[in-house]
Amino acid sequence: MGNSCITGAGRLNAASFPSEQTTFHWTIDGFSSLLDKGAGWTHSRVFKIMGMEWCLKLNPMVKKSGKEEEYVSLKLELARSSVKPNTIIEASFMFLIYDQSYGKHRKHKVITHSFHTASTRSGTSRMIALNTLRKQSSRFLVKNSCIFGIEFIKVATVKANTTSETLSVQKMNIFNEAKVHTWEIEDFYALKNPDYSPEFEVSGYTWFIRMRPSCDGNHLSIFLKMKRSNLLSRDSANLVELTLSIKDQESDKHKKFSRPGRFQFSNNSRTWGWKKFITLEDFKDSSNGYLVKGKCCIEAEVAVVGSSKTK
């Protein structure tokens, strides 16, 4: 196998500057021996074009789903040395296969791809049918040798417009252990819509419970709300472990979600909970013990278990 890089013509004044390199040729001698090895990706050497390092990958025996015909597949991969955090490489390119009889390339359609840390390769699964390539009349496979390649049309580097967050989770200790607050409501039918519990403090922050009927009128909505705090900057938040319950006043069969949730509270997002915590029918059913002679008890178990910061 051989590699070569070709410069593009007519891009700059040849008398003053050399043309920018835009094309890479990959000659594969002994192509039948490569086929004998079966399906699988063969990599070219890493080459540098337009300021970035790349490599080509070729699989000579790719089948389309549900089909028997095999195709030669080509992919372009951005080398690890050119992958940078928070950076996107916008590239437009065409794959090539060389017509050795007429001395020119057959070009595949233009492909445009954004290369970044989570997506470092792009290509075509059907560059050319393998049977077409292997025919004696083929102008692409001559003396058991064929030439593939790639021509770059544009490569541009842009800074990714991203926001990153660092979440720090703390080990449980006496300073961040869960605190339980019970809101005892003497007359449920006298509540406002919505209504709020008395304020309570956990880990230096002030909280309260909010309750109201759901928008569909068939459920009870219950939320935990954090009072706006000067302790939290605009780019920080608290990770909170939360369990909300409606107490069964006649037994221990309280209405709660099966596992606590972990949510982030910030000055811009101060409310978490459940819009359809319980149906009003179940809540008012006296056999469940949630509402007894107009009285009910809502319980919030709250623990601040971590913090986050964005940048």
# chains A, B, ... in the order shown; residues from 1 in each chain; ligands from 1

call {"tool": "select_by_dssp", "arguments": {"residues": "range 87-308 of chain A", "states": "alpha helix (DSSP H)", "output": "list of chain:residue names"}}
result
A:Leu130, A:Asn131, A:Thr132, A:Leu133, A:Arg134, A:Leu280, A:Glu281, A:Asp282, A:Phe283, A:Lys284

call {"tool": "write_last_selection", "arguments": {"atoms": "C-alpha atoms", "output": "CSV table (one decimal), in the first residue's frame"}}
result
chain,number,residue,atom,x,y,z
A,130,LEU,CA,-17.2,-5.0,-5.0
A,131,ASN,CA,-18.4,-7.0,-8.1
A,132,THR,CA,-18.1,-3.9,-10.2
A,133,LEU,CA,-14.6,-3.2,-8.9
A,134,ARG,CA,-13.4,-6.8,-9.6
A,280,LEU,CA,-57.8,13.3,44.4
A,281,GLU,CA,-60.1,10.2,44.5
A,282,ASP,CA,-57.4,8.2,46.3
A,283,PHE,CA,-56.5,11.1,48.5
A,284,LYS,CA,-60.0,11.7,49.7

call {"tool": "closest_atom_pairs", "arguments": {"of": "range 119-170 of chain A", "to": "range 75-89 of chain A", "cutoff": "8 Å", "atoms": "only C-alpha atoms", "output": "tab-separated table"}}
result
residue	atom	partner	partner_atom	distance
A:Thr120	CA	A:Leu78	CA	5.3
A:Arg121	CA	A:Glu77	CA	4.2
A:Ser122	CA	A:Leu76	CA	5.5
A:Gly123	CA	A:Lys75	CA	4.0
A:Thr124	CA	A:Lys75	CA	6.3
A:Val155	CA	A:Ile89	CA	6.8
A:Ala156	CA	A:Ile89	CA	5.7
A:Thr157	CA	A:Ile89	CA	4.7
A:Val158	CA	A:Ile88	CA	5.3
A:Lys159	CA	A:Thr87	CA	4.7
A:Ala160	CA	A:Asn86	CA	4.9
A:Asn161	CA	A:Asn86	CA	7.6
A:Thr162	CA	A:Asn86	CA	7.1

call {"tool": "residues_around", "arguments": {"residues": "range 173-188 of chain A", "least_positions_apart": "3", "cutoff": "10 Å", "atoms": "only C-alpha atoms", "output": "ChimeraX atom specification"}}
result
/A:170,191-192,196-203,207-209,240-247,291-306

call {"tool": "atom_distance", "arguments": {"atom1": "CA of Thr206 in chain A", "atom2": "CA of Lys227 in chain A"}}
result
5.4 Å

call {"tool": "closest_residue", "arguments": {"among": "A:Lys63, A:Lys57, A:Lys275, A:Lys255", "to": "His219 in chain A", "atoms": "only C-alpha atoms"}}
result
A:Lys275

call {"tool": "residues_around", "arguments": {"residues": "Arg270 in chain A", "least_positions_apart": "4", "cutoff": "7 Å", "atoms": "only C-alpha atoms", "output": "list in words"}}
result
Lys225, Met226, Phe265 and Ser266 of chain A

call {"tool": "closest_atom_pairs", "arguments": {"of": "range 15-60 of chain A", "to": "range 96-116 of chain A", "cutoff": "10 Å", "atoms": "only C-alpha atoms", "output": "JSON lines"}}
result
{"residue": "A:Thr23", "atom": "CA", "partner": "A:Leu96", "partner_atom": "CA", "distance": 9.5}
{"residue": "A:Phe24", "atom": "CA", "partner": "A:Leu96", "partner_atom": "CA", "distance": 9.3}
{"residue": "A:His25", "atom": "CA", "partner": "A:Leu96", "partner_atom": "CA", "distance": 8.3}
{"residue": "A:Trp26", "atom": "CA", "partner": "A:Ile97", "partner_atom": "CA", "distance": 9.3}
{"residue": "A:Thr27", "atom": "CA", "partner": "A:Tyr98", "partner_atom": "CA", "distance": 9.4}

call {"tool": "write_last_selection", "arguments": {"atoms": "N, CA and C atoms", "output": "JSON list (two decimals), in the first residue's frame"}}
result
[["chain", "number", "residue", "atom", "x", "y", "z"],
["A", 23, "THR", "N", -5.63, 17.11, -1.39],
["A", 23, "THR", "CA", -5.98, 15.77, -1.84],
["A", 23, "THR", "C", -4.99, 14.73, -1.33],
["A", 24, "PHE", "N", -5.54, 13.58, -0.94],
["A", 24, "PHE", "CA", -4.72, 12.45, -0.48],
["A", 24, "PHE", "C", -5.06, 11.24, -1.33],
["A", 25, "HIS", "N", -4.03, 10.57, -1.90],
["A", 25, "HIS", "CA", -4.21, 9.34, -2.69],
["A", 25, "HIS", "C", -3.70, 8.14, -1.88],
["A", 26, "TRP", "N", -4.45, 7.06, -1.95],
["A", 26, "TRP", "CA", -4.08, 5.84, -1.22],
["A", 26, "TRP", "C", -4.07, 4.68, -2.21],
["A", 27, "THR", "N", -2.87, 4.27, -2.61],
["A", 27, "THR", "CA", -2.71, 3.16, -3.55],
["A", 27, "THR", "C", -2.64, 1.84, -2.79]]

call {"tool": "select_by_dssp", "arguments": {"residues": "range 93-162 of chain A", "states": "strand (DSSP E)", "output": "number ranges by chain"}}
result
A: 93-99, 104-107, 111-115, 121-129, 145-159

call {"tool": "write_last_selection", "arguments": {"atoms": "N, CA, C and O atoms", "output": "compact mmCIF listing (two decimals), in the first residue's frame"}}
result
# COMPACT_ATOMS: atom_id res chain seq x y z
N PHE A 93 -15.87 17.25 2.03
CA PHE A 93 -14.89 16.46 1.28
C PHE A 93 -15.60 15.49 0.34
O PHE A 93 -16.82 15.26 0.46
N MET A 94 -14.83 14.92 -0.59
CA MET A 94 -15.31 13.90 -1.52
C MET A 94 -14.35 12.73 -1.52
O MET A 94 -13.14 12.93 -1.57
N PHE A 95 -14.88 11.52 -1.48
CA PHE A 95 -14.05 10.34 -1.67
C PHE A 95 -13.82 10.11 -3.16
O PHE A 95 -14.67 10.44 -4.00
N LEU A 96 -12.66 9.54 -3.49
CA LEU A 96 -12.25 9.34 -4.88
C LEU A 96 -11.88 7.89 -5.13
O LEU A 96 -11.40 7.20 -4.24
N ILE A 97 -12.11 7.44 -6.36
CA ILE A 97 -11.53 6.19 -6.83
C ILE A 97 -10.99 6.46 -8.23
O ILE A 97 -11.66 7.07 -9.06
N TYR A 98 -9.77 6.03 -8.48
CA TYR A 98 -9.04 6.45 -9.68
C TYR A 98 -9.33 5.53 -10.85
O TYR A 98 -9.19 4.31 -10.77
N ASP A 99 -9.78 6.13 -11.95
CA ASP A 99 -9.98 5.43 -13.22
C ASP A 99 -8.63 5.38 -13.92
O ASP A 99 -8.17 6.38 -14.49
N LYS A 104 -8.29 9.69 -14.60
CA LYS A 104 -9.04 10.66 -13.83
C LYS A 104 -9.79 9.95 -12.71
O LYS A 104 -9.93 8.73 -12.72
N HIS A 105 -10.27 10.74 -11.76
CA HIS A 105 -10.97 10.18 -10.62
C HIS A 105 -12.48 10.15 -10.83
O HIS A 105 -13.05 11.03 -11.49
N ARG A 106 -13.10 9.12 -10.28
CA ARG A 106 -14.54 9.15 -10.13
C ARG A 106 -14.82 9.66 -8.73
O ARG A 106 -14.35 9.07 -7.75
N LYS A 107 -15.57 10.74 -8.64
CA LYS A 107 -15.80 11.39 -7.35
C LYS A 107 -17.14 10.98 -6.76
O LYS A 107 -18.14 10.90 -7.46
N ILE A 111 -19.54 15.21 1.05
CA ILE A 111 -19.98 14.92 2.42
C ILE A 111 -19.53 16.07 3.31
O ILE A 111 -18.40 16.53 3.23
N THR A 112 -20.43 16.55 4.16
CA THR A 112 -20.10 17.58 5.14
C THR A 112 -20.34 17.02 6.53
O THR A 112 -21.40 16.45 6.80
N HIS A 113 -19.34 17.15 7.38
CA HIS A 113 -19.46 16.57 8.72
C HIS A 113 -18.79 17.47 9.75
O HIS A 113 -17.80 18.15 9.45
N SER A 114 -19.35 17.48 10.96
CA SER A 114 -18.75 18.21 12.08
C SER A 114 -17.99 17.21 12.95
O SER A 114 -18.61 16.37 13.61
N PHE A 115 -16.68 17.31 12.92
CA PHE A 115 -15.84 16.41 13.71
C PHE A 115 -15.58 17.03 15.09
O PHE A 115 -15.23 18.19 15.19
N ARG A 121 -15.44 10.42 13.04
CA ARG A 121 -15.35 9.78 11.73
C ARG A 121 -16.65 9.97 10.94
O ARG A 121 -17.73 10.15 11.49
N SER A 122 -16.50 9.90 9.62
CA SER A 122 -17.64 10.01 8.72
C SER A 122 -17.26 9.34 7.41
O SER A 122 -16.08 9.25 7.05
N GLY A 123 -18.27 8.85 6.67
CA GLY A 123 -17.94 8.20 5.41
C GLY A 123 -19.13 7.67 4.67
O GLY A 123 -20.26 8.06 4.92
N THR A 124 -18.84 6.76 3.73
CA THR A 124 -19.88 6.16 2.91
C THR A 124 -19.77 4.64 2.99
O THR A 124 -18.67 4.08 2.93
N SER A 125 -20.90 3.98 3.15
CA SER A 125 -20.89 2.51 3.24
C SER A 125 -20.92 1.88 1.84
O SER A 125 -20.72 0.67 1.72
N ARG A 126 -21.15 2.69 0.80
CA ARG A 126 -21.25 2.13 -0.55
C ARG A 126 -20.50 3.01 -1.54
O ARG A 126 -21.08 3.70 -2.35
N MET A 127 -19.17 2.93 -1.47
CA MET A 127 -18.35 3.69 -2.41
C MET A 127 -18.47 3.10 -3.81
O MET A 127 -18.68 3.82 -4.79
N ILE A 128 -18.33 1.77 -3.90
CA ILE A 128 -18.47 1.08 -5.18
C ILE A 128 -18.79 -0.39 -4.88
O ILE A 128 -18.30 -0.95 -3.89
N ALA A 129 -19.64 -0.99 -5.71
CA ALA A 129 -19.95 -2.41 -5.52
C ALA A 129 -18.69 -3.24 -5.76
O ALA A 129 -17.94 -3.00 -6.71
N SER A 145 -4.20 -3.70 -8.50
CA SER A 145 -3.90 -2.47 -7.77
C SER A 145 -5.03 -1.48 -7.99
O SER A 145 -5.58 -1.37 -9.11
N CYS A 146 -5.43 -0.78 -6.95
CA CYS A 146 -6.45 0.28 -7.09
C CYS A 146 -6.03 1.47 -6.25
O CYS A 146 -5.22 1.36 -5.32
N ILE A 147 -6.59 2.62 -6.60
CA ILE A 147 -6.21 3.87 -5.94
C ILE A 147 -7.47 4.57 -5.43
O ILE A 147 -8.34 4.94 -6.22
N PHE A 148 -7.54 4.70 -4.13
CA PHE A 148 -8.62 5.47 -3.51
C PHE A 148 -8.05 6.81 -3.06
O PHE A 148 -6.84 7.03 -3.05
N GLY A 149 -8.91 7.69 -2.66
CA GLY A 149 -8.42 8.98 -2.21
C GLY A 149 -9.52 9.84 -1.63
O GLY A 149 -10.69 9.45 -1.54
N ILE A 150 -9.15 11.04 -1.25
CA ILE A 150 -10.09 12.01 -0.71
C ILE A 150 -9.65 13.40 -1.11
O ILE A 150 -8.44 13.70 -1.15
N GLU A 151 -10.61 14.22 -1.46
CA GLU A 151 -10.35 15.62 -1.79
C GLU A 151 -11.12 16.51 -0.82
O GLU A 151 -12.34 16.38 -0.69
N PHE A 152 -10.41 17.37 -0.12
CA PHE A 152 -11.03 18.28 0.84
C PHE A 152 -11.46 19.56 0.12
O PHE A 152 -10.69 20.14 -0.65
N ILE A 153 -12.67 19.97 0.38
CA ILE A 153 -13.20 21.20 -0.20
C ILE A 153 -13.08 22.35 0.80
O ILE A 153 -12.72 23.47 0.44
N LYS A 154 -13.36 22.04 2.06
CA LYS A 154 -13.29 23.08 3.08
C LYS A 154 -13.01 22.43 4.43
O LYS A 154 -13.58 21.38 4.74
N VAL A 155 -12.15 23.05 5.22
CA VAL A 155 -11.93 22.64 6.61
C VAL A 155 -11.88 23.92 7.44
O VAL A 155 -11.09 24.82 7.16
N ALA A 156 -12.75 24.00 8.44
CA ALA A 156 -12.79 25.19 9.29
C ALA A 156 -12.89 24.76 10.75
O ALA A 156 -13.59 23.81 11.09
N THR A 157 -12.17 25.48 11.60
CA THR A 157 -12.18 25.20 13.03
C THR A 157 -13.04 26.24 13.74
O THR A 157 -12.85 27.44 13.55
N VAL A 158 -13.99 25.77 14.52
CA VAL A 158 -14.85 26.69 15.27
C VAL A 158 -14.86 26.27 16.73
O VAL A 158 -14.76 25.09 17.06
N LYS A 159 -14.98 27.23 17.60
CA LYS A 159 -15.06 26.95 19.03
C LYS A 159 -16.49 26.53 19.36
O LYS A 159 -17.45 27.18 18.98

call {"tool": "residues_around", "arguments": {"residues": "Ser221 in chain A", "least_positions_apart": "5", "cutoff": "7 Å", "atoms": "only C-alpha atoms", "output": "compact mmCIF listing (two decimals) with N, CA and C atoms, in the first residue's frame"}}
result
# COMPACT_ATOMS: atom_id res chain seq x y z
N MET A 211 -48.45 22.99 47.61
CA MET A 211 -49.45 21.98 47.22
C MET A 211 -50.61 22.67 46.52
N ARG A 212 -51.12 22.02 45.48
CA ARG A 212 -52.27 22.54 44.74
C ARG A 212 -52.89 21.41 43.93
N PRO A 213 -54.13 21.58 43.49
CA PRO A 213 -54.70 20.59 42.55
C PRO A 213 -53.96 20.69 41.21
N SER A 214 -53.86 19.59 40.50
CA SER A 214 -53.19 19.59 39.19
C SER A 214 -54.05 20.32 38.17
N TRP A 274 -43.81 16.70 41.99
CA TRP A 274 -44.61 15.84 41.13
C TRP A 274 -45.96 16.48 40.88
N LYS A 275 -46.27 16.70 39.59
CA LYS A 275 -47.55 17.32 39.22
C LYS A 275 -48.73 16.41 39.53
N LYS A 276 -48.52 15.11 39.37
CA LYS A 276 -49.60 14.14 39.63
C LYS A 276 -49.14 13.18 40.72
N PHE A 277 -49.04 13.74 41.93
CA PHE A 277 -48.53 12.96 43.04
C PHE A 277 -49.51 11.84 43.42

call {"tool": "decode", "arguments": {"residues": "range 213-226 of chain A", "atoms": "N, CA, C and O atoms", "output": "PDB file, in the first residue's frame"}}
result
ATOM      1  N   PRO A 213     -54.133  21.576  43.485  1.00  0.00           N
ATOM      2  CA  PRO A 213     -54.702  20.591  42.550  1.00  0.00           C
ATOM      3  C   PRO A 213     -53.964  20.690  41.209  1.00  0.00           C
ATOM      4  O   PRO A 213     -53.501  21.757  40.829  1.00  0.00           O
ATOM      5  N   SER A 214     -53.858  19.586  40.502  1.00  0.00           N
ATOM      6  CA  SER A 214     -53.189  19.587  39.194  1.00  0.00           C
ATOM      7  C   SER A 214     -54.047  20.321  38.171  1.00  0.00           C
ATOM      8  O   SER A 214     -55.232  20.597  38.402  1.00  0.00           O
ATOM      9  N   CYS A 215     -53.446  20.605  37.018  1.00  0.00           N
ATOM     10  CA  CYS A 215     -54.154  21.342  35.968  1.00  0.00           C
ATOM     11  C   CYS A 215     -55.381  20.583  35.462  1.00  0.00           C
ATOM     12  O   CYS A 215     -56.369  21.196  35.053  1.00  0.00           O
ATOM     13  N   ASP A 216     -55.300  19.242  35.466  1.00  0.00           N
ATOM     14  CA  ASP A 216     -56.454  18.472  34.979  1.00  0.00           C
ATOM     15  C   ASP A 216     -57.549  18.339  36.029  1.00  0.00           C
ATOM     16  O   ASP A 216     -58.628  17.817  35.748  1.00  0.00           O
ATOM     17  N   GLY A 217     -57.286  18.816  37.253  1.00  0.00           N
ATOM     18  CA  GLY A 217     -58.296  18.791  38.302  1.00  0.00           C
ATOM     19  C   GLY A 217     -58.531  17.436  38.928  1.00  0.00           C
ATOM     20  O   GLY A 217     -59.393  17.303  39.803  1.00  0.00           O
ATOM     21  N   ASN A 218     -57.740  16.437  38.523  1.00  0.00           N
ATOM     22  CA  ASN A 218     -57.964  15.076  39.024  1.00  0.00           C
ATOM     23  C   ASN A 218     -56.875  14.589  39.968  1.00  0.00           C
ATOM     24  O   ASN A 218     -56.975  13.474  40.498  1.00  0.00           O
ATOM     25  N   HIS A 219     -55.819  15.388  40.144  1.00  0.00           N
ATOM     26  CA  HIS A 219     -54.692  14.960  40.964  1.00  0.00           C
ATOM     27  C   HIS A 219     -54.300  16.046  41.957  1.00  0.00           C
ATOM     28  O   HIS A 219     -54.710  17.206  41.822  1.00  0.00           O
ATOM     29  N   LEU A 220     -53.461  15.652  42.903  1.00  0.00           N
ATOM     30  CA  LEU A 220     -52.878  16.595  43.840  1.00  0.00           C
ATOM     31  C   LEU A 220     -51.408  16.758  43.457  1.00  0.00           C
ATOM     32  O   LEU A 220     -50.679  15.774  43.284  1.00  0.00           O
ATOM     33  N   SER A 221     -50.974  18.001  43.299  1.00  0.00           N
ATOM     34  CA  SER A 221     -49.578  18.305  42.968  1.00  0.00           C
ATOM     35  C   SER A 221     -48.849  18.746  44.225  1.00  0.00           C
ATOM     36  O   SER A 221     -49.352  19.591  44.976  1.00  0.00           O
ATOM     37  N   ILE A 222     -47.650  18.173  44.443  1.00  0.00           N
ATOM     38  CA  ILE A 222     -46.855  18.517  45.624  1.00  0.00           C
ATOM     39  C   ILE A 222     -45.429  18.792  45.181  1.00  0.00           C
ATOM     40  O   ILE A 222     -44.830  17.997  44.446  1.00  0.00           O
ATOM     41  N   PHE A 223     -44.881  19.914  45.665  1.00  0.00           N
ATOM     42  CA  PHE A 223     -43.541  20.333  45.273  1.00  0.00           C
ATOM     43  C   PHE A 223     -42.756  20.802  46.495  1.00  0.00           C
ATOM     44  O   PHE A 223     -43.322  21.297  47.468  1.00  0.00           O
ATOM     45  N   LEU A 224     -41.436  20.664  46.417  1.00  0.00           N
ATOM     46  CA  LEU A 224     -40.535  21.309  47.361  1.00  0.00           C
ATOM     47  C   LEU A 224     -39.987  22.557  46.690  1.00  0.00           C
ATOM     48  O   LEU A 224     -39.571  22.504  45.529  1.00  0.00           O
ATOM     49  N   LYS A 225     -39.966  23.666  47.416  1.00  0.00           N
ATOM     50  CA  LYS A 225     -39.488  24.918  46.835  1.00  0.00           C
ATOM     51  C   LYS A 225     -38.424  25.516  47.747  1.00  0.00           C
ATOM     52  O   LYS A 225     -38.564  25.511  48.971  1.00  0.00           O
ATOM     53  N   MET A 226     -37.341  25.984  47.120  1.00  0.00           N
ATOM     54  CA  MET A 226     -36.264  26.641  47.861  1.00  0.00           C
ATOM     55  C   MET A 226     -36.456  28.148  47.793  1.00  0.00           C
ATOM     56  O   MET A 226     -36.696  28.705  46.717  1.00  0.00           O
TER      57      MET A 226
END
